[in-house]
>>> print(open('coords-v4.txt').read())   # compact mmCIF, C-alpha atoms and all ligand atoms
# COMPACT_ATOMS: atom_id res chain seq x y z
CA MET A 1 0.00 0.00 0.00
CA PRO A 2 1.64 3.28 -0.98
CA SER A 3 1.47 6.03 1.58
CA ILE A 4 0.26 9.07 -0.33
CA GLN A 5 2.15 12.03 0.97
CA PRO A 6 0.49 15.38 0.40
CA GLY A 7 1.88 17.67 -2.29
CA CYS A 8 3.57 14.92 -4.37
CA LEU A 9 3.26 14.34 -8.09
CA TRP A 10 2.91 10.62 -8.84
CA VAL A 11 3.89 9.70 -12.42
CA VAL A 12 2.00 6.47 -13.01
CA ALA A 13 2.36 4.01 -15.91
CA THR A 14 -0.81 2.36 -17.25
CA PRO A 15 -1.09 -0.75 -19.51
CA ILE A 16 -0.19 -0.63 -23.24
CA GLY A 17 -2.75 -3.30 -24.10
CA HIS A 18 -3.29 -6.09 -21.60
CA ARG A 19 -5.27 -4.67 -18.70
CA ASP A 20 -3.51 -6.85 -16.15
CA ASP A 21 -0.22 -5.07 -16.82
CA PHE A 22 -1.20 -2.52 -14.19
CA SER A 23 0.77 -2.78 -10.98
CA ALA A 24 -0.91 -3.08 -7.59
CA ARG A 25 1.02 0.03 -6.53
CA ALA A 26 -0.22 1.98 -9.57
CA ILE A 27 -3.85 1.07 -8.86
CA GLU A 28 -3.57 1.91 -5.17
CA THR A 29 -1.85 5.22 -5.91
CA LEU A 30 -4.57 6.23 -8.37
CA ARG A 31 -7.25 5.34 -5.81
CA LYS A 32 -5.66 7.45 -3.10
CA VAL A 33 -4.51 10.67 -4.77
CA ALA A 34 -6.79 13.72 -4.70
CA VAL A 35 -6.89 14.08 -8.47
CA ILE A 36 -5.63 12.33 -11.62
CA ALA A 37 -4.32 14.41 -14.53
CA ALA A 38 -5.08 12.33 -17.63
CA GLU A 39 -4.16 12.84 -21.29
CA ASP A 40 -7.71 11.98 -22.37
CA THR A 41 -10.21 11.57 -19.55
CA ARG A 42 -12.72 9.74 -21.78
CA HIS A 43 -10.07 7.26 -22.88
CA SER A 44 -8.86 6.50 -19.32
CA ARG A 45 -12.25 6.25 -17.64
CA PRO A 46 -13.09 2.63 -18.65
CA LEU A 47 -9.72 1.36 -17.36
CA LEU A 48 -10.11 3.27 -14.10
CA LEU A 49 -13.68 2.05 -13.63
CA HIS A 50 -12.53 -1.52 -14.27
CA TYR A 51 -10.18 -1.15 -11.28
CA ASN A 52 -12.71 0.73 -9.09
CA ILE A 53 -10.70 3.92 -9.22
CA ALA A 54 -13.19 6.72 -8.60
CA THR A 55 -10.70 9.59 -8.20
CA PRO A 56 -11.69 12.82 -10.01
CA LEU A 57 -9.99 13.39 -13.37
CA ILE A 58 -8.66 16.56 -14.98
CA ALA A 59 -7.28 16.88 -18.52
CA LEU A 60 -3.62 17.39 -19.29
CA HIS A 61 -2.91 16.98 -22.99
CA GLU A 62 -0.49 18.48 -25.48
CA HIS A 63 -2.89 21.32 -26.36
CA ASN A 64 -3.54 22.56 -22.82
CA GLU A 65 -0.33 21.48 -21.08
CA ARG A 66 1.06 25.02 -20.73
CA ASP A 67 -2.09 26.35 -19.02
CA ALA A 68 -2.89 23.20 -17.06
CA VAL A 69 0.63 23.00 -15.61
CA ASP A 70 0.29 26.23 -13.60
CA ALA A 71 -3.02 25.14 -12.12
CA ILE A 72 -1.70 21.69 -11.19
CA VAL A 73 1.48 23.07 -9.64
CA ARG A 74 -0.67 25.42 -7.53
CA ARG A 75 -2.74 22.46 -6.34
CA LEU A 76 0.43 20.56 -5.46
CA GLN A 77 1.78 23.58 -3.60
CA GLY A 78 -1.52 23.71 -1.74
CA GLY A 79 -0.79 20.19 -0.46
CA GLU A 80 -2.94 18.09 -2.81
CA SER A 81 -1.53 14.84 -4.16
CA VAL A 82 -1.77 14.53 -7.95
CA ALA A 83 -1.19 11.55 -10.25
CA LEU A 84 -0.25 11.90 -13.90
CA ILE A 85 -1.27 9.24 -16.43
CA SER A 86 -1.31 9.11 -20.23
CA ASP A 87 -3.53 7.11 -22.58
CA ALA A 88 -1.19 4.12 -22.41
CA GLY A 89 2.18 3.20 -20.99
CA THR A 90 4.58 5.55 -19.29
CA PRO A 91 3.76 9.28 -19.25
CA LEU A 92 6.34 11.56 -20.98
CA ILE A 93 7.47 8.73 -23.30
CA SER A 94 6.09 10.14 -26.58
CA ASP A 95 3.28 11.40 -24.36
CA PRO A 96 2.46 14.62 -22.46
CA GLY A 97 3.86 15.38 -19.03
CA PHE A 98 7.34 16.79 -19.58
CA ARG A 99 6.31 20.40 -18.87
CA LEU A 100 4.42 19.39 -15.74
CA VAL A 101 7.26 17.32 -14.28
CA ARG A 102 9.78 20.04 -15.11
CA ALA A 103 7.64 22.77 -13.53
CA ALA A 104 6.86 20.62 -10.48
CA ARG A 105 10.54 19.87 -9.87
CA ALA A 106 11.47 23.53 -10.40
CA ALA A 107 8.89 24.37 -7.72
CA GLY A 108 10.55 21.91 -5.33
CA ILE A 109 7.73 19.38 -5.53
CA ARG A 110 8.60 15.73 -5.08
CA CYS A 111 7.90 13.65 -8.22
CA VAL A 112 7.49 9.93 -7.60
CA PRO A 113 7.67 7.37 -10.43
CA VAL A 114 5.26 4.44 -10.37
CA PRO A 115 6.82 2.46 -13.25
CA GLY A 116 5.16 -0.06 -15.52
CA ALA A 117 4.51 -0.75 -19.18
CA CYS A 118 6.41 1.04 -21.93
CA ALA A 119 6.10 -0.18 -25.55
CA ALA A 120 9.72 0.64 -26.43
CA ILE A 121 11.10 -1.44 -23.55
CA ALA A 122 8.57 -4.24 -24.08
CA GLY A 123 9.63 -4.40 -27.75
CA LEU A 124 13.32 -4.36 -26.90
CA SER A 125 12.83 -7.12 -24.33
CA VAL A 126 11.68 -9.59 -27.02
CA ALA A 127 13.45 -8.30 -30.16
CA GLY A 128 16.63 -10.31 -29.76
CA LEU A 129 18.68 -7.29 -30.84
CA PRO A 130 21.58 -6.00 -28.73
CA SER A 131 20.05 -4.38 -25.66
CA ASP A 132 23.16 -3.20 -23.86
CA ARG A 133 23.11 0.13 -25.70
CA PHE A 134 20.05 1.51 -27.46
CA VAL A 135 18.57 4.82 -28.51
CA PHE A 136 14.88 5.72 -28.33
CA GLU A 137 13.88 7.91 -31.28
CA GLY A 138 10.11 7.99 -30.74
CA PHE A 139 8.12 8.99 -33.83
CA LEU A 140 9.95 9.94 -37.02
CA PRO A 141 8.89 13.16 -38.80
CA PRO A 142 5.72 12.56 -40.87
CA LYS A 143 7.06 14.27 -44.02
CA ALA A 144 9.23 12.06 -46.23
CA ALA A 145 12.15 14.48 -46.68
CA ALA A 146 12.49 15.22 -42.96
CA ARG A 147 12.09 11.53 -42.11
CA ARG A 148 14.84 10.48 -44.51
CA SER A 149 17.11 13.20 -43.26
CA ARG A 150 16.58 12.04 -39.64
CA LEU A 151 17.34 8.46 -40.70
CA GLN A 152 20.53 9.61 -42.48
CA GLU A 153 21.69 11.14 -39.20
CA LEU A 154 21.16 7.78 -37.48
CA ALA A 155 22.71 5.60 -40.19
CA GLY A 156 26.10 5.43 -38.51
CA ASP A 157 24.85 4.83 -34.96
CA ALA A 158 26.07 1.49 -33.60
CA ARG A 159 23.33 1.30 -30.94
CA THR A 160 19.99 -0.48 -31.45
CA LEU A 161 17.50 2.10 -32.74
CA ILE A 162 13.93 2.13 -31.40
CA PHE A 163 11.09 3.94 -33.18
CA TYR A 164 7.36 4.30 -32.61
CA GLU A 165 5.20 4.28 -35.73
CA SER A 166 1.54 4.57 -36.54
CA SER A 167 -0.32 2.09 -38.72
CA HIS A 168 -0.72 4.46 -41.66
CA ARG A 169 3.00 5.22 -41.93
CA VAL A 170 4.67 1.95 -40.99
CA ALA A 171 5.11 0.81 -44.62
CA GLU A 172 6.60 4.15 -45.71
CA SER A 173 8.95 4.29 -42.75
CA LEU A 174 10.22 0.74 -43.26
CA ALA A 175 10.84 1.50 -46.95
CA ASP A 176 12.83 4.60 -46.01
CA MET A 177 14.82 2.65 -43.41
CA ARG A 178 15.62 0.02 -46.04
CA ASP A 179 16.82 2.71 -48.46
CA VAL A 180 18.86 4.63 -45.92
CA PHE A 181 20.25 1.85 -43.67
CA GLY A 182 20.50 -0.82 -46.41
CA GLY A 183 18.17 -3.76 -47.03
CA GLU A 184 20.28 -6.27 -45.16
CA ARG A 185 20.21 -4.41 -41.79
CA GLU A 186 18.51 -6.62 -39.15
CA ALA A 187 15.19 -5.24 -37.88
CA VAL A 188 12.19 -6.20 -35.77
CA LEU A 189 8.57 -5.12 -36.11
CA ALA A 190 6.85 -5.50 -32.73
CA ARG A 191 3.12 -5.06 -33.27
CA GLU A 192 0.19 -4.96 -30.85
CA LEU A 193 2.34 -5.92 -27.87
CA THR A 194 0.40 -7.57 -25.02
CA LYS A 195 -2.76 -7.61 -27.20
CA LEU A 196 -4.66 -10.32 -29.09
CA PHE A 197 -2.82 -9.90 -32.39
CA GLU A 198 0.67 -9.48 -30.95
CA THR A 199 3.35 -10.29 -33.57
CA VAL A 200 7.09 -9.88 -33.41
CA LEU A 201 8.77 -10.25 -36.81
CA SER A 202 12.57 -10.36 -37.15
CA GLU A 203 13.85 -9.89 -40.69
CA PRO A 204 16.33 -7.85 -42.69
CA LEU A 205 14.83 -4.46 -43.56
CA ALA A 206 14.33 -5.34 -47.25
CA GLU A 207 12.16 -8.34 -46.34
CA LEU A 208 10.30 -6.55 -43.56
CA ALA A 209 9.49 -3.59 -45.84
CA ALA A 210 8.22 -5.98 -48.53
CA ARG A 211 6.22 -8.09 -46.06
CA VAL A 212 4.11 -5.21 -44.71
CA VAL A 213 3.18 -4.33 -48.30
CA VAL A 214 2.09 -7.84 -49.29
CA ASP A 215 0.43 -8.51 -45.91
CA PRO A 216 -1.48 -5.32 -44.97
CA ASP A 217 -2.58 -6.97 -41.69
CA GLN A 218 0.97 -6.26 -40.53
CA GLN A 219 0.21 -2.55 -40.89
CA ARG A 220 -2.73 -2.69 -38.47
CA GLY A 221 -2.53 -1.59 -34.86
CA GLU A 222 0.41 -0.13 -32.96
CA HIS A 223 4.05 -0.70 -33.81
CA VAL A 224 7.50 -0.48 -32.39
CA ILE A 225 10.23 -0.73 -35.03
CA LEU A 226 13.65 -1.78 -33.76
CA VAL A 227 16.70 -1.68 -36.03
CA ALA A 228 20.14 -3.12 -35.30
CA GLY A 229 22.88 -0.52 -35.01
CA ARG A 230 25.47 -0.09 -37.72
CA GLY A 231 27.58 -3.22 -37.92
CA GLU A 232 30.83 -4.09 -39.63
CA GLU A 233 29.18 -4.83 -42.97
CA VAL A 234 28.06 -1.21 -43.01
CA ASP A 235 31.64 -0.11 -42.37
CA GLU A 236 32.63 -2.06 -45.47
CA ARG A 237 29.91 -0.36 -47.53
CA LEU A 238 31.03 2.99 -46.23
CA ALA A 239 34.66 2.28 -47.12
CA GLU A 240 33.59 1.25 -50.63
CA GLY A 241 31.38 4.34 -50.93
CA GLN A 242 34.26 6.58 -49.89
CA ARG A 243 36.55 4.94 -52.45
CA VAL A 244 34.00 5.44 -55.27
CA PHE A 245 33.24 8.96 -54.10
CA ALA A 246 36.93 9.89 -54.23
CA ILE A 247 37.18 8.68 -57.85
CA LEU A 248 33.97 10.39 -59.01
CA ARG A 249 34.88 13.57 -57.19
CA GLU A 250 37.76 14.05 -59.64
CA GLU A 251 35.24 14.62 -62.44
CA LEU A 252 31.96 15.66 -60.78
CA PRO A 253 30.62 18.21 -58.31
CA PRO A 254 30.53 16.78 -54.76
CA ALA A 255 26.73 16.47 -54.47
CA LYS A 256 26.50 14.51 -57.72
CA ALA A 257 29.55 12.38 -56.87
CA ALA A 258 28.06 11.54 -53.45
CA LYS A 259 24.69 10.62 -54.99
CA LEU A 260 26.29 8.26 -57.52
CA ALA A 261 28.74 6.79 -55.01
CA ALA A 262 25.87 6.10 -52.62
CA ALA A 263 23.84 4.40 -55.36
CA ILE A 264 26.82 2.26 -56.44
CA SER A 265 28.02 1.25 -52.96
CA GLY A 266 24.84 1.27 -50.87
CA ALA A 267 26.51 3.62 -48.36
CA PRO A 268 24.34 6.48 -47.04
CA ARG A 269 24.82 9.60 -49.19
CA LYS A 270 25.16 11.90 -46.20
CA ALA A 271 27.89 9.74 -44.75
CA LEU A 272 29.86 10.23 -48.00
CA TYR A 273 29.21 13.89 -48.48
CA GLY A 274 32.12 15.64 -46.86
CA SER A 275 34.09 12.41 -46.38
CA GLY A 276 36.37 13.29 -49.28
CA GLU A 277 36.09 17.04 -48.88
N1 LIG B 301 3.72 6.28 -23.50
C1 LIG B 301 3.64 5.11 -24.34
C2 LIG B 301 4.69 4.10 -23.91
O1 LIG B 301 5.13 4.16 -22.75
O2 LIG B 301 5.06 3.22 -24.69
C3 LIG B 301 3.77 5.48 -25.81
C4 LIG B 301 2.69 6.42 -26.28
S1 LIG B 301 2.81 6.84 -27.97
C5 LIG B 301 1.64 8.13 -28.10
C6 LIG B 301 1.94 5.55 -28.79
C7 LIG B 301 2.87 4.70 -29.64
O3 LIG B 301 3.54 3.75 -28.82
C8 LIG B 301 2.15 3.88 -30.69
O4 LIG B 301 1.92 4.61 -31.88
C9 LIG B 301 3.12 2.75 -30.91
O5 LIG B 301 4.17 3.15 -31.75
C10 LIG B 301 3.66 2.52 -29.50
N2 LIG B 301 2.81 1.53 -28.79
C11 LIG B 301 1.96 1.77 -27.78
N3 LIG B 301 1.38 0.62 -27.39
C12 LIG B 301 1.88 -0.35 -28.17
C13 LIG B 301 1.68 -1.76 -28.26
N4 LIG B 301 0.80 -2.38 -27.48
N5 LIG B 301 2.38 -2.46 -29.19
C14 LIG B 301 3.25 -1.84 -29.99
N6 LIG B 301 3.49 -0.52 -29.97
C15 LIG B 301 2.81 0.22 -29.07
>>> encode(input="coords-v4.txt", output="structure tokens", more="lines below")
Ligand code: SAM
Amino acid sequence: MPSIQPGCLWVVATPIGHRDDFSARAIETLRKVAVIAAEDTRHSRPLLLHYNIATPLIALHEHNERDAVDAIVRRLQGGESVALISDAGTPLISDPGFRLVRAARAAGIRCVPVPGACAAIAGLSVAGLPSDRFVFEGFLPPKAAARRSRLQELAGDARTLIFYESSHRVAESLADMRDVFGGEREAVLARELTKLFETVLSEPLAELAARVVVDPDQQRGEHVILVAGRGEEVDERLAEGQRVFAILREELPPAKAAKLAAAISGAPRKALYGSGE
């Protein structure tokens, strides 16, 4: 049983699918605080009712976070205990809450984590990719040019890369990852974790990108995409790309030489641009 001290902000994880992935401490905390700040009160109500949590709810979402933060901090300063939840998983992880936690801490308010489900960590725990060092990238930019440019920046990272993606962009994002990281890079699509149609597919990016096109069911639901970090084979591609770039650079402007060298070697263009300059 948690003892709910007055004037604390409790940051409470909720399930990402399976309702039972809700810790006893999380449930008890939500029952005992004075008020729960929820991303979407209508979304959270059925889960809270299921666990007999009758605590009043207030809204804290990305559109009102600035205004809501001041009011919540005042309540905390007045000695009320407040819990923060998001629609699913851990608040602040691709979810609202950062401004509130920052403001609360700046005001000297104690912030207490009540940890639980997080899709990125759940995906990593079953992906079979190196988990000693990883980087969480959240959602990629929705526009193709910005997305590709972000991926180019990550192409040389040796750590496992973790992305969130929505069902209507998963095919596009996997195709861009294949083009930028190379089709042979190992990847995992972790879909609908803890839910009825949970699937975890491990394949090289070229096959994964093709599979979601031929099997649109794989585009349904919620996805975590995990991609192995740059390995030695990528170093070899890069070395080859740099060699070709150096030759072409003798005759061509650098942008054109980099584009052709990238196409010939499979090395990321941005990694070549500047390498021979
Ligand atoms: N705060 C959440 C967390 O701790 O994981 C993430 C919230 S973010 C708005 C929602 C995204 O998380 C989805 O678009 C999807 O990429 C990922 N996600 C959430 N639940 C998932 C699940 N059950 N299976 C796979 N991915 C999931």
>>> closest_residue(input="coords-v4.txt", among="A:Ala68, A:Ala261, A:Val73, A:Ala13", to="ligand LIG 301 (chain B)", atoms="all atoms listed in the file")
A:Ala13
>>> residues_around(input="coords-v4.txt", residues="A:Phe163", least_positions_apart="6", cutoff="9 Å", atoms="only C-alpha atoms", output="list of chain:residue names")
A:Ala120, A:Val135, A:Phe136, A:Glu137, A:Gly138, A:Phe139, A:Leu140, A:His223, A:Val224, A:Ile225, A:Leu226, A:Val227
>>> residues_near_ligand(input="coords-v4.txt", ligand="ligand LIG 301 (chain B)", cutoff="6 Å", atoms="all atoms listed in the file", output="PyMOL selection string")
chain A and resi 16-17+88-91+93-95+118-120+164-166+190-194+222-224
>>> closest_residue(input="coords-v4.txt", among="A:Tyr51, A:Ser81, A:Val69, A:Asp20", to="A:Ser3", atoms="only C-alpha atoms")
A:Ser81
>>> closest_residue(input="coords-v4.txt", among="A:His18, A:Ala258, A:Leu60, A:Pro6", to="A:Leu196", atoms="only C-alpha atoms")
A:His18
